[in-house]
$ cat start32.cif   # mmCIF, C-alpha atoms; chains and numbers go by the auth columns
data_data
#
loop_
_atom_site.group_PDB
_atom_site.id
_atom_site.type_symbol
_atom_site.label_atom_id
_atom_site.label_comp_id
_atom_site.label_asym_id
_atom_site.label_seq_id
_atom_site.Cartn_x
_atom_site.Cartn_y
_atom_site.Cartn_z
_atom_site.B_iso_or_equiv
_atom_site.auth_seq_id
_atom_site.auth_asym_id
ATOM 1 C CA MET A 1 96.620 82.642 104.694 0.00 28 A
ATOM 2 C CA SER A 2 94.407 79.874 103.374 0.00 29 A
ATOM 3 C CA ASP A 3 93.144 79.573 99.821 0.00 30 A
ATOM 4 C CA ILE A 4 89.609 79.308 101.230 0.00 31 A
ATOM 5 C CA VAL A 5 89.906 82.671 102.976 0.00 32 A
ATOM 6 C CA SER A 6 91.328 84.228 99.832 0.00 33 A
ATOM 7 C CA ARG A 7 88.508 82.928 97.644 0.00 34 A
ATOM 8 C CA GLU A 8 85.724 83.876 100.038 0.00 35 A
ATOM 9 C CA THR A 9 87.141 87.339 100.495 0.00 36 A
ATOM 10 C CA SER A 10 87.818 88.392 96.957 0.00 37 A
ATOM 11 C CA GLY A 11 86.384 86.207 94.221 0.00 38 A
ATOM 12 C CA ASP A 12 89.364 87.331 92.152 0.00 39 A
ATOM 13 C CA GLU A 13 89.461 85.878 88.640 0.00 40 A
ATOM 14 C CA LEU A 14 93.044 84.693 89.225 0.00 41 A
ATOM 15 C CA ASP A 15 92.642 83.181 92.701 0.00 42 A
ATOM 16 C CA ASP A 16 94.437 79.813 92.853 0.00 43 A
ATOM 17 C CA SER A 17 95.930 80.447 89.412 0.00 44 A
ATOM 18 C CA ALA A 18 99.232 78.801 88.559 0.00 45 A
ATOM 19 C CA ILE A 19 99.972 81.891 86.454 0.00 46 A
ATOM 20 C CA VAL A 20 100.113 84.068 89.571 0.00 47 A
ATOM 21 C CA ARG A 21 102.236 81.612 91.541 0.00 48 A
ATOM 22 C CA GLU A 22 104.676 81.237 88.671 0.00 49 A
ATOM 23 C CA ALA A 23 104.947 84.976 88.055 0.00 50 A
ATOM 24 C CA LEU A 24 105.523 85.870 91.716 0.00 51 A
ATOM 25 C CA GLY A 25 107.646 82.904 92.761 0.00 52 A
ATOM 26 C CA GLU A 26 108.904 83.106 96.329 0.00 53 A
ATOM 27 C CA ALA A 27 107.059 86.396 96.879 0.00 54 A
ATOM 28 C CA TYR A 28 103.663 84.715 96.421 0.00 55 A
ATOM 29 C CA ASP A 29 102.941 83.966 100.088 0.00 56 A
ATOM 30 C CA LYS A 30 103.577 87.529 101.248 0.00 57 A
ATOM 31 C CA LEU A 31 101.628 88.965 98.326 0.00 58 A
ATOM 32 C CA GLU A 32 98.698 86.681 99.037 0.00 59 A
ATOM 33 C CA VAL A 33 98.498 88.373 102.454 0.00 60 A
ATOM 34 C CA PHE A 34 98.524 91.740 100.651 0.00 61 A
ATOM 35 C CA HIS A 35 95.848 90.522 98.221 0.00 62 A
ATOM 36 C CA VAL A 36 93.521 89.442 101.010 0.00 63 A
ATOM 37 C CA LYS A 37 93.981 92.760 102.830 0.00 64 A
ATOM 38 C CA LEU A 38 93.275 94.687 99.627 0.00 65 A
ATOM 39 C CA SER A 39 90.169 92.655 98.860 0.00 66 A
ATOM 40 C CA ARG A 40 88.814 93.154 102.383 0.00 67 A
ATOM 41 C CA GLU A 41 89.735 96.779 102.982 0.00 68 A
ATOM 42 C CA GLY A 42 90.973 98.367 99.762 0.00 69 A
ATOM 43 C CA GLU A 43 87.667 99.718 98.474 0.00 70 A
ATOM 44 C CA LEU A 44 86.455 100.853 101.903 0.00 71 A
ATOM 45 C CA ARG A 45 89.672 102.797 102.438 0.00 72 A
ATOM 46 C CA GLY A 46 89.599 104.396 98.998 0.00 73 A
ATOM 47 C CA LEU A 47 92.633 102.573 97.634 0.00 74 A
ATOM 48 C CA ILE A 48 90.993 100.618 94.814 0.00 75 A
ATOM 49 C CA GLY A 49 87.706 100.968 92.943 0.00 76 A
ATOM 50 C CA PRO A 50 84.717 98.610 93.229 0.00 77 A
ATOM 51 C CA ARG A 51 85.412 97.186 89.775 0.00 78 A
ATOM 52 C CA ASP A 52 88.923 96.211 90.846 0.00 79 A
ATOM 53 C CA ILE A 53 87.879 93.642 93.435 0.00 80 A
ATOM 54 C CA SER A 54 87.778 90.752 90.975 0.00 81 A
ATOM 55 C CA ILE A 55 91.022 91.718 89.229 0.00 82 A
ATOM 56 C CA ILE A 56 93.372 92.724 92.054 0.00 83 A
ATOM 57 C CA TRP A 57 95.944 90.112 91.100 0.00 84 A
ATOM 58 C CA GLU A 58 96.202 91.292 87.503 0.00 85 A
ATOM 59 C CA ARG A 59 95.534 95.030 87.706 0.00 86 A
ATOM 60 C CA HIS A 60 97.480 95.864 90.842 0.00 87 A
ATOM 61 C CA ILE A 61 99.824 93.102 91.982 0.00 88 A
ATOM 62 C CA LEU A 62 101.082 91.530 88.748 0.00 89 A
ATOM 63 C CA ASN A 63 101.066 94.934 87.058 0.00 90 A
ATOM 64 C CA SER A 64 103.279 96.307 89.832 0.00 91 A
ATOM 65 C CA ALA A 65 105.578 93.281 89.765 0.00 92 A
ATOM 66 C CA ALA A 66 106.198 93.893 86.044 0.00 93 A
ATOM 67 C CA CYS A 67 108.610 96.683 86.974 0.00 94 A
ATOM 68 C CA VAL A 68 110.902 94.366 88.962 0.00 95 A
ATOM 69 C CA PRO A 69 113.151 93.246 86.051 0.00 96 A
ATOM 70 C CA PHE A 70 113.831 96.899 85.190 0.00 97 A
ATOM 71 C CA ILE A 71 114.821 97.611 88.790 0.00 98 A
ATOM 72 C CA ARG A 72 117.039 94.515 88.844 0.00 99 A
ATOM 73 C CA GLU A 73 118.981 95.737 85.820 0.00 100 A
ATOM 74 C CA VAL A 74 120.247 98.587 87.989 0.00 101 A
ATOM 75 C CA THR A 75 120.522 96.982 91.438 0.00 102 A
ATOM 76 C CA ASP A 76 122.404 93.932 90.122 0.00 103 A
ATOM 77 C CA ARG A 77 125.304 96.186 89.150 0.00 104 A
ATOM 78 C CA SER A 78 125.075 98.565 92.104 0.00 105 A
ATOM 79 C CA LYS A 79 126.489 98.253 95.606 0.00 106 A
ATOM 80 C CA ALA A 80 123.711 100.498 96.907 0.00 107 A
ATOM 81 C CA LYS A 81 120.564 98.462 96.314 0.00 108 A
ATOM 82 C CA THR A 82 118.223 101.261 97.330 0.00 109 A
ATOM 83 C CA ILE A 83 114.846 102.049 95.825 0.00 110 A
ATOM 84 C CA ALA A 84 112.488 104.952 96.535 0.00 111 A
ATOM 85 C CA ASP A 85 108.824 104.579 95.631 0.00 112 A
ATOM 86 C CA VAL A 86 107.201 107.983 95.155 0.00 113 A
ATOM 87 C CA GLY A 87 103.508 108.424 95.946 0.00 114 A
ATOM 88 C CA SER A 88 103.172 104.858 97.213 0.00 115 A
ATOM 89 C CA GLY A 89 99.441 105.180 97.958 0.00 116 A
ATOM 90 C CA GLY A 90 97.983 101.696 98.208 0.00 117 A
ATOM 91 C CA GLY A 91 101.407 100.098 97.824 0.00 118 A
ATOM 92 C CA PHE A 92 101.753 100.051 94.044 0.00 119 A
ATOM 93 C CA PRO A 93 104.397 99.278 93.035 0.00 120 A
ATOM 94 C CA GLY A 94 106.439 99.760 96.232 0.00 121 A
ATOM 95 C CA ILE A 95 104.958 97.084 98.499 0.00 122 A
ATOM 96 C CA VAL A 96 104.803 94.572 95.650 0.00 123 A
ATOM 97 C CA ALA A 97 108.360 95.222 94.468 0.00 124 A
ATOM 98 C CA ALA A 98 109.686 95.064 98.035 0.00 125 A
ATOM 99 C CA ALA A 99 108.096 91.637 98.502 0.00 126 A
ATOM 100 C CA CYS A 100 109.709 90.462 95.257 0.00 127 A
ATOM 101 C CA MET A 101 113.142 91.891 96.114 0.00 128 A
ATOM 102 C CA PRO A 102 113.936 91.151 99.779 0.00 129 A
ATOM 103 C CA ASP A 103 117.638 91.809 99.164 0.00 130 A
ATOM 104 C CA CYS A 104 116.986 95.487 98.357 0.00 131 A
ATOM 105 C CA ALA A 105 116.082 98.384 100.662 0.00 132 A
ATOM 106 C CA PHE A 106 112.848 100.209 99.796 0.00 133 A
ATOM 107 C CA THR A 107 111.774 103.646 100.987 0.00 134 A
ATOM 108 C CA LEU A 108 108.088 104.411 100.435 0.00 135 A
ATOM 109 C CA ILE A 109 107.375 108.140 100.136 0.00 136 A
ATOM 110 C CA GLU A 110 103.744 109.083 100.746 0.00 137 A
ATOM 111 C CA PRO A 111 102.354 112.410 102.052 0.00 138 A
ATOM 112 C CA MET A 112 98.846 111.317 103.125 0.00 139 A
ATOM 113 C CA GLU A 113 98.552 110.129 106.726 0.00 140 A
ATOM 114 C CA ARG A 114 95.796 107.588 106.115 0.00 141 A
ATOM 115 C CA ARG A 115 97.789 105.986 103.321 0.00 142 A
ATOM 116 C CA VAL A 116 100.928 105.928 105.440 0.00 143 A
ATOM 117 C CA GLU A 117 98.909 104.058 108.084 0.00 144 A
ATOM 118 C CA TRP A 118 97.772 101.568 105.447 0.00 145 A
ATOM 119 C CA LEU A 119 101.304 101.056 104.163 0.00 146 A
ATOM 120 C CA GLN A 120 102.607 100.442 107.687 0.00 147 A
ATOM 121 C CA GLU A 121 99.861 97.890 108.308 0.00 148 A
ATOM 122 C CA CYS A 122 100.820 96.090 105.089 0.00 149 A
ATOM 123 C CA VAL A 123 104.507 96.079 106.006 0.00 150 A
ATOM 124 C CA ASP A 124 103.667 94.636 109.438 0.00 151 A
ATOM 125 C CA ASP A 125 101.161 92.055 108.177 0.00 152 A
ATOM 126 C CA MET A 126 103.509 90.891 105.410 0.00 153 A
ATOM 127 C CA ASP A 127 106.581 90.982 107.665 0.00 154 A
ATOM 128 C CA LEU A 128 108.566 93.044 105.179 0.00 155 A
ATOM 129 C CA GLN A 129 111.952 93.664 106.779 0.00 156 A
ATOM 130 C CA ASN A 130 113.309 95.765 103.900 0.00 157 A
ATOM 131 C CA VAL A 131 110.861 98.687 103.908 0.00 158 A
ATOM 132 C CA THR A 132 110.998 102.175 105.442 0.00 159 A
ATOM 133 C CA ILE A 133 108.054 104.565 105.139 0.00 160 A
ATOM 134 C CA ILE A 134 108.436 108.343 105.046 0.00 161 A
ATOM 135 C CA ARG A 135 105.428 110.613 105.351 0.00 162 A
ATOM 136 C CA ALA A 136 106.443 113.478 103.084 0.00 163 A
ATOM 137 C CA ARG A 137 106.176 114.883 99.603 0.00 164 A
ATOM 138 C CA SER A 138 108.976 113.985 97.231 0.00 165 A
ATOM 139 C CA ASP A 139 110.218 117.593 97.099 0.00 166 A
ATOM 140 C CA GLU A 140 110.648 117.535 100.881 0.00 167 A
ATOM 141 C CA VAL A 141 112.725 114.357 100.630 0.00 168 A
ATOM 142 C CA ILE A 142 114.782 115.891 97.814 0.00 169 A
ATOM 143 C CA ASP A 143 115.473 118.900 100.037 0.00 170 A
ATOM 144 C CA ARG A 144 116.504 116.677 102.952 0.00 171 A
ATOM 145 C CA ILE A 145 118.939 114.782 100.724 0.00 172 A
ATOM 146 C CA LYS A 146 120.429 118.028 99.375 0.00 173 A
ATOM 147 C CA HIS A 147 121.002 119.322 102.899 0.00 174 A
ATOM 148 C CA HIS A 148 122.291 115.965 104.200 0.00 175 A
ATOM 149 C CA GLU A 149 119.551 115.715 106.801 0.00 176 A
ATOM 150 C CA GLY A 150 119.488 112.360 108.551 0.00 177 A
ATOM 151 C CA GLU A 151 120.785 109.258 106.781 0.00 178 A
ATOM 152 C CA LEU A 152 118.965 109.839 103.496 0.00 179 A
ATOM 153 C CA LYS A 153 121.119 109.524 100.387 0.00 180 A
ATOM 154 C CA PRO A 154 120.304 109.485 96.659 0.00 181 A
ATOM 155 C CA PHE A 155 118.743 106.232 95.500 0.00 182 A
ATOM 156 C CA SER A 156 119.763 103.711 92.854 0.00 183 A
ATOM 157 C CA VAL A 157 116.202 103.484 91.495 0.00 184 A
ATOM 158 C CA VAL A 158 112.999 105.489 91.858 0.00 185 A
ATOM 159 C CA THR A 159 109.661 103.867 91.057 0.00 186 A
ATOM 160 C CA CYS A 160 106.126 105.194 90.770 0.00 187 A
ATOM 161 C CA ARG A 161 102.720 104.305 89.366 0.00 188 A
ATOM 162 C CA ALA A 162 99.815 106.578 88.438 0.00 189 A
ATOM 163 C CA VAL A 163 101.281 109.583 90.260 0.00 190 A
ATOM 164 C CA ALA A 164 101.457 112.376 87.669 0.00 191 A
ATOM 165 C CA PRO A 165 102.302 113.099 84.019 0.00 192 A
ATOM 166 C CA MET A 166 105.998 113.140 83.124 0.00 193 A
ATOM 167 C CA THR A 167 106.054 116.946 82.955 0.00 194 A
ATOM 168 C CA LYS A 168 105.616 116.965 86.754 0.00 195 A
ATOM 169 C CA LEU A 169 107.077 113.563 87.531 0.00 196 A
ATOM 170 C CA ALA A 170 110.540 114.405 86.196 0.00 197 A
ATOM 171 C CA GLY A 171 111.109 117.047 88.866 0.00 198 A
ATOM 172 C CA TRP A 172 109.590 114.914 91.610 0.00 199 A
ATOM 173 C CA THR A 173 111.690 111.818 90.950 0.00 200 A
ATOM 174 C CA LEU A 174 114.941 112.377 89.036 0.00 201 A
ATOM 175 C CA PRO A 175 116.559 114.572 91.747 0.00 202 A
ATOM 176 C CA LEU A 176 116.191 111.608 94.131 0.00 203 A
ATOM 177 C CA LEU A 177 118.532 109.495 91.996 0.00 204 A
ATOM 178 C CA ARG A 178 122.262 109.001 92.271 0.00 205 A
ATOM 179 C CA PRO A 179 124.335 109.301 89.052 0.00 206 A
ATOM 180 C CA GLN A 180 123.619 106.362 86.728 0.00 207 A
ATOM 181 C CA GLY A 181 120.456 105.661 88.668 0.00 208 A
ATOM 182 C CA ARG A 182 117.153 105.031 86.937 0.00 209 A
ATOM 183 C CA LEU A 183 113.538 106.115 87.075 0.00 210 A
ATOM 184 C CA VAL A 184 111.118 103.232 86.463 0.00 211 A
ATOM 185 C CA ALA A 185 107.603 104.648 86.055 0.00 212 A
ATOM 186 C CA LEU A 186 104.664 102.362 85.290 0.00 213 A
ATOM 187 C CA LYS A 187 102.575 104.088 82.634 0.00 214 A
ATOM 188 C CA GLY A 188 99.728 103.499 80.217 0.00 215 A
ATOM 189 C CA ARG A 189 99.551 103.761 76.444 0.00 216 A
ATOM 190 C CA SER A 190 100.233 107.511 76.483 0.00 217 A
ATOM 191 C CA ALA A 191 103.767 106.948 77.805 0.00 218 A
ATOM 192 C CA GLN A 192 105.603 108.018 74.632 0.00 219 A
ATOM 193 C CA ALA A 193 103.491 111.137 74.262 0.00 220 A
ATOM 194 C CA GLU A 194 104.255 112.040 77.892 0.00 221 A
ATOM 195 C CA ILE A 195 107.974 111.750 77.221 0.00 222 A
ATOM 196 C CA GLU A 196 107.703 114.018 74.172 0.00 223 A
ATOM 197 C CA LYS A 197 105.883 116.679 76.197 0.00 224 A
ATOM 198 C CA ALA A 198 108.358 116.458 79.074 0.00 225 A
ATOM 199 C CA LYS A 199 111.677 116.598 77.197 0.00 226 A
ATOM 200 C CA HIS A 200 112.654 119.928 78.746 0.00 227 A
ATOM 201 C CA GLN A 201 111.687 118.935 82.296 0.00 228 A
ATOM 202 C CA ILE A 202 113.493 115.589 82.008 0.00 229 A
ATOM 203 C CA SER A 203 116.705 117.226 80.792 0.00 230 A
ATOM 204 C CA HIS A 204 116.501 120.012 83.380 0.00 231 A
ATOM 205 C CA ALA A 205 116.210 117.413 86.185 0.00 232 A
ATOM 206 C CA GLY A 206 119.288 115.541 84.941 0.00 233 A
ATOM 207 C CA GLY A 207 117.527 112.809 83.004 0.00 234 A
ATOM 208 C CA VAL A 208 118.844 111.176 79.823 0.00 235 A
ATOM 209 C CA ARG A 209 117.758 108.367 77.490 0.00 236 A
ATOM 210 C CA ALA A 210 114.056 108.643 78.260 0.00 237 A
ATOM 211 C CA ARG A 211 112.294 105.728 76.573 0.00 238 A
ATOM 212 C CA VAL A 212 109.316 103.409 76.814 0.00 239 A
ATOM 213 C CA ALA A 213 109.668 99.669 77.321 0.00 240 A
ATOM 214 C CA GLU A 214 107.067 96.933 77.203 0.00 241 A
ATOM 215 C CA ALA A 215 106.791 95.178 80.560 0.00 242 A
ATOM 216 C CA PRO A 216 105.399 91.615 80.461 0.00 243 A
ATOM 217 C CA VAL A 217 102.918 90.916 83.254 0.00 244 A
ATOM 218 C CA ALA A 218 102.405 87.131 83.020 0.00 245 A
ATOM 219 C CA PRO A 219 101.763 84.540 80.287 0.00 246 A
ATOM 220 C CA GLY A 220 98.406 85.166 78.638 0.00 247 A
ATOM 221 C CA LEU A 221 97.922 88.603 80.209 0.00 248 A
ATOM 222 C CA GLU A 222 98.282 91.975 78.517 0.00 249 A
ATOM 223 C CA SER A 223 101.649 93.622 78.991 0.00 250 A
ATOM 224 C CA THR A 224 102.009 97.027 80.584 0.00 251 A
ATOM 225 C CA HIS A 225 104.509 99.821 79.855 0.00 252 A
ATOM 226 C CA VAL A 226 107.268 101.510 81.803 0.00 253 A
ATOM 227 C CA VAL A 227 108.992 104.810 81.200 0.00 254 A
ATOM 228 C CA LEU A 228 112.715 104.475 81.861 0.00 255 A
ATOM 229 C CA VAL A 229 114.914 107.521 82.416 0.00 256 A
ATOM 230 C CA ASP A 230 118.571 107.356 83.406 0.00 257 A
ATOM 231 C CA LYS A 231 120.274 109.941 85.622 0.00 258 A
ATOM 232 C CA ARG A 232 123.368 111.679 84.307 0.00 259 A
#

$ encode --input "start32.cif" --output "structure tokens"
Amino acid sequence: MSDIVSRETSGDELDDSAIVREALGEAYDKLEVFHVKLSREGELRGLIGPRDISIIWERHILNSAACVPFIREVTDRSKAKTIADVGSGGGFPGIVAAACMPDCAFTLIEPMERRVEWLQECVDDMDLQNVTIIRARSDEVIDRIKHHEGELKPFSVVTCRAVAPMTKLAGWTLPLLRPQGRLVALKGRSAQAEIEKAKHQISHAGGVRARVAEAPVAPGLESTHVVLVDKR
């Protein structure tokens, strides 16, 4: 994908930026394909807002990639390098993280058919060999794991972004984890308050050590936050 095409398509503030290339490393080429697809089709397909077009790199791709180090902390010590992304939507953070971590197996869980179609197009266009897409709600996947349906097994890590408050998210994500697994949820400034409100739900779903961590995005850009919860 040429730089000219990328510039003409998006007018993103960070097009051709060394910051982006440095932050994404070897994943840059695949994520440039994703960026161009988002800039061309994302607003029309209801995946990003009109104000996002000029900041796709920062708001969606680099922001999603900020969760990768927190996933790595778990997968580097685990034989099962499996990650489930709940409510994948436009591919944040699942598609981005999968491009950054080709040695790990990602399962994108998304109930909406039109978004599943989008995700499959992205996987095909980016030639992501490490991604499986399931059209389902997370509770349906949890039920399938409990009843040993198919080859689904509990995951090492579950990720999500802008899906629901922690009071709901705990029950939708923590049961998908294997013991000593981890939830990595990209959140905004209200992250700590969400944890406080969801203490009961987190504990009930088998979660421990719920905390907020600052997640650097790239040099010179504002950091984001992740909620981390370990599974008993």

$ resolve_selection --input "start32.cif" --expression "the PyMOL selection byres ((chain A and resi 47) around 10)" --output "tab-separated table (two decimals) with C-alpha atoms, keeping the file's coordinate frame"
chain	number	residue	atom	x	y	z
A	41	LEU	CA	93.04	84.69	89.22
A	42	ASP	CA	92.64	83.18	92.70
A	43	ASP	CA	94.44	79.81	92.85
A	44	SER	CA	95.93	80.45	89.41
A	45	ALA	CA	99.23	78.80	88.56
A	46	ILE	CA	99.97	81.89	86.45
A	48	ARG	CA	102.24	81.61	91.54
A	49	GLU	CA	104.68	81.24	88.67
A	50	ALA	CA	104.95	84.98	88.06
A	51	LEU	CA	105.52	85.87	91.72
A	52	GLY	CA	107.65	82.90	92.76
A	55	TYR	CA	103.66	84.72	96.42
A	59	GLU	CA	98.70	86.68	99.04
A	84	TRP	CA	95.94	90.11	91.10
A	85	GLU	CA	96.20	91.29	87.50
A	88	ILE	CA	99.82	93.10	91.98
A	89	LEU	CA	101.08	91.53	88.75
A	244	VAL	CA	102.92	90.92	83.25
A	245	ALA	CA	102.40	87.13	83.02
A	246	PRO	CA	101.76	84.54	80.29

$ closest_atom_pairs --input "start32.cif" --of "stretch 49-104 of chain A" --to "stretch 176-185 of chain A" --cutoff "9 Å" --atoms "only C-alpha atoms" --output "Markdown table"
| residue | atom | partner | partner_atom | distance |
| --- | --- | --- | --- | --- |
| A:Ile98 | CA | A:Val184 | CA | 6.6 |
| A:Val101 | CA | A:Ser183 | CA | 7.1 |
| A:Thr102 | CA | A:Ser183 | CA | 6.9 |

$ atom_distance --input "start32.cif" --atom1 "atom CA of A:Gly114" --atom2 "atom CA of A:Arg188"
7.8 Å

$ resolve_selection --input "start32.cif" --expression "the PyMOL selection byres ((chain A and resi 238) around 12)" --output "ChimeraX atom specification"
/A:193,209-212,214,218-223,225-226,229,234-237,239-241,252-257

$ residues_around --input "start32.cif" --residues "A:Glu70" --least-positions-apart "5" --cutoff "9 Å" --atoms "only C-alpha atoms" --output "NGL selection string"
:A and (65 or 75-77 or 79-80)

$ closest_atom_pairs --input "start32.cif" --of "stretch 76-132 of chain A" --to "stretch 141-156 of chain A" --cutoff "7 Å" --atoms "all atoms listed in the file" --output "JSON lines"
{"residue": "A:Gly116", "atom": "CA", "partner": "A:Arg142", "partner_atom": "CA", "distance": 5.7}
{"residue": "A:Gly117", "atom": "CA", "partner": "A:Arg142", "partner_atom": "CA", "distance": 6.7}
{"residue": "A:Gly118", "atom": "CA", "partner": "A:Leu146", "partner_atom": "CA", "distance": 6.4}
{"residue": "A:Ala126", "atom": "CA", "partner": "A:Leu155", "partner_atom": "CA", "distance": 6.8}

$ write_last_selection --input "start32.cif" --atoms "C-alpha atoms" --output "tab-separated table (two decimals), in the coordinates of the input"
chain	number	residue	atom	x	y	z
A	116	GLY	CA	99.44	105.18	97.96
A	117	GLY	CA	97.98	101.70	98.21
A	118	GLY	CA	101.41	100.10	97.82
A	126	ALA	CA	108.10	91.64	98.50

$ closest_residue --input "start32.cif" --among "A:Arg72, A:Lys258, A:Arg216, A:Lys64" --to "A:Gly233" --atoms "all atoms listed in the file"
A:Lys258

$ atom_distance --input "start32.cif" --atom1 "atom CA of A:Phe119" --atom2 "atom CA of A:Thr134"
12.7 Å

$ residues_around --input "start32.cif" --residues "A:Gln228" --least-positions-apart "6" --cutoff "7 Å" --atoms "all atoms listed in the file" --output "PyMOL selection string"
chain A and resi 194+197-198

$ atom_distance --input "start32.cif" --atom1 "atom CA of A:Ala242" --atom2 "atom CA of A:Ser165"
25.2 Å

$ closest_residue --input "start32.cif" --among "A:Ala189, A:Leu201, A:Ala92, A:Ile160" --to "A:Cys127" --atoms "only C-alpha atoms"
A:Ala92

$ resolve_selection --input "start32.cif" --expression "the PyMOL selection byres ((chain A and resi 133) around 9)" --output "NGL selection string"
:A and (108-112 or 121-122 or 124-125 or 131-132 or 134-135 or 157-160)

$ decode --input "start32.cif" --residues "stretch 213-219 of chain A" --atoms "all heavy atoms" --output "PDB file, in the first residue's frame"
ATOM      1  N   LEU A 213      -9.091  -1.903  27.692  1.00  0.00           N
ATOM      2  CA  LEU A 213      -8.764  -0.500  27.441  1.00  0.00           C
ATOM      3  C   LEU A 213      -9.912   0.369  27.937  1.00  0.00           C
ATOM      4  O   LEU A 213     -11.071   0.164  27.575  1.00  0.00           O
ATOM      5  CB  LEU A 213      -8.535  -0.275  25.947  1.00  0.00           C
ATOM      6  CG  LEU A 213      -7.175  -0.758  25.423  1.00  0.00           C
ATOM      7  CD1 LEU A 213      -7.237  -1.017  23.923  1.00  0.00           C
ATOM      8  CD2 LEU A 213      -6.082   0.259  25.742  1.00  0.00           C
ATOM      9  N   LYS A 214      -9.574   1.349  28.774  1.00  0.00           N
ATOM     10  CA  LYS A 214     -10.585   2.181  29.415  1.00  0.00           C
ATOM     11  C   LYS A 214     -10.157   3.643  29.425  1.00  0.00           C
ATOM     12  O   LYS A 214      -9.002   3.978  29.181  1.00  0.00           O
ATOM     13  CB  LYS A 214     -10.801   1.714  30.863  1.00  0.00           C
ATOM     14  CG  LYS A 214     -11.565   0.416  30.998  1.00  0.00           C
ATOM     15  CD  LYS A 214     -13.037   0.620  30.687  1.00  0.00           C
ATOM     16  CE  LYS A 214     -13.867  -0.617  30.910  1.00  0.00           C
ATOM     17  NZ  LYS A 214     -15.298  -0.380  30.580  1.00  0.00           N
ATOM     18  N   GLY A 215     -11.099   4.501  29.752  1.00  0.00           N
ATOM     19  CA  GLY A 215     -10.818   5.929  29.860  1.00  0.00           C
ATOM     20  C   GLY A 215     -10.481   6.324  31.284  1.00  0.00           C
ATOM     21  O   GLY A 215     -10.106   5.492  32.118  1.00  0.00           O
ATOM     22  N   ARG A 216     -10.657   7.595  31.579  1.00  0.00           N
ATOM     23  CA  ARG A 216     -10.250   8.132  32.886  1.00  0.00           C
ATOM     24  C   ARG A 216     -11.110   7.625  34.042  1.00  0.00           C
ATOM     25  O   ARG A 216     -10.744   7.747  35.200  1.00  0.00           O
ATOM     26  CB  ARG A 216     -10.280   9.667  32.849  1.00  0.00           C
ATOM     27  CG  ARG A 216      -9.190  10.262  31.966  1.00  0.00           C
ATOM     28  CD  ARG A 216      -9.125  11.773  32.136  1.00  0.00           C
ATOM     29  NE  ARG A 216      -8.019  12.354  31.381  1.00  0.00           N
ATOM     30  CZ  ARG A 216      -8.103  12.797  30.140  1.00  0.00           C
ATOM     31  NH1 ARG A 216      -9.265  12.726  29.498  1.00  0.00           N
ATOM     32  NH2 ARG A 216      -7.068  13.321  29.523  1.00  0.00           N
ATOM     33  N   SER A 217     -12.269   7.067  33.729  1.00  0.00           N
ATOM     34  CA  SER A 217     -13.168   6.590  34.792  1.00  0.00           C
ATOM     35  C   SER A 217     -12.834   5.170  35.223  1.00  0.00           C
ATOM     36  O   SER A 217     -13.602   4.549  35.971  1.00  0.00           O
ATOM     37  CB  SER A 217     -14.618   6.642  34.308  1.00  0.00           C
ATOM     38  OG  SER A 217     -14.806   5.750  33.210  1.00  0.00           O
ATOM     39  N   ALA A 218     -11.703   4.636  34.777  1.00  0.00           N
ATOM     40  CA  ALA A 218     -11.378   3.229  35.000  1.00  0.00           C
ATOM     41  C   ALA A 218     -11.404   2.843  36.474  1.00  0.00           C
ATOM     42  O   ALA A 218     -11.994   1.827  36.865  1.00  0.00           O
ATOM     43  CB  ALA A 218     -10.010   2.913  34.398  1.00  0.00           C
ATOM     44  N   GLN A 219     -10.777   3.659  37.335  1.00  0.00           N
ATOM     45  CA  GLN A 219     -10.722   3.307  38.762  1.00  0.00           C
ATOM     46  C   GLN A 219     -12.114   3.317  39.385  1.00  0.00           C
ATOM     47  O   GLN A 219     -12.450   2.434  40.188  1.00  0.00           O
ATOM     48  CB  GLN A 219      -9.797   4.273  39.511  1.00  0.00           C
ATOM     49  CG  GLN A 219      -9.541   3.894  40.960  1.00  0.00           C
ATOM     50  CD  GLN A 219      -8.896   2.529  41.118  1.00  0.00           C
ATOM     51  OE1 GLN A 219      -7.912   2.216  40.453  1.00  0.00           O
ATOM     52  NE2 GLN A 219      -9.454   1.688  41.994  1.00  0.00           N
TER      53      GLN A 219
END
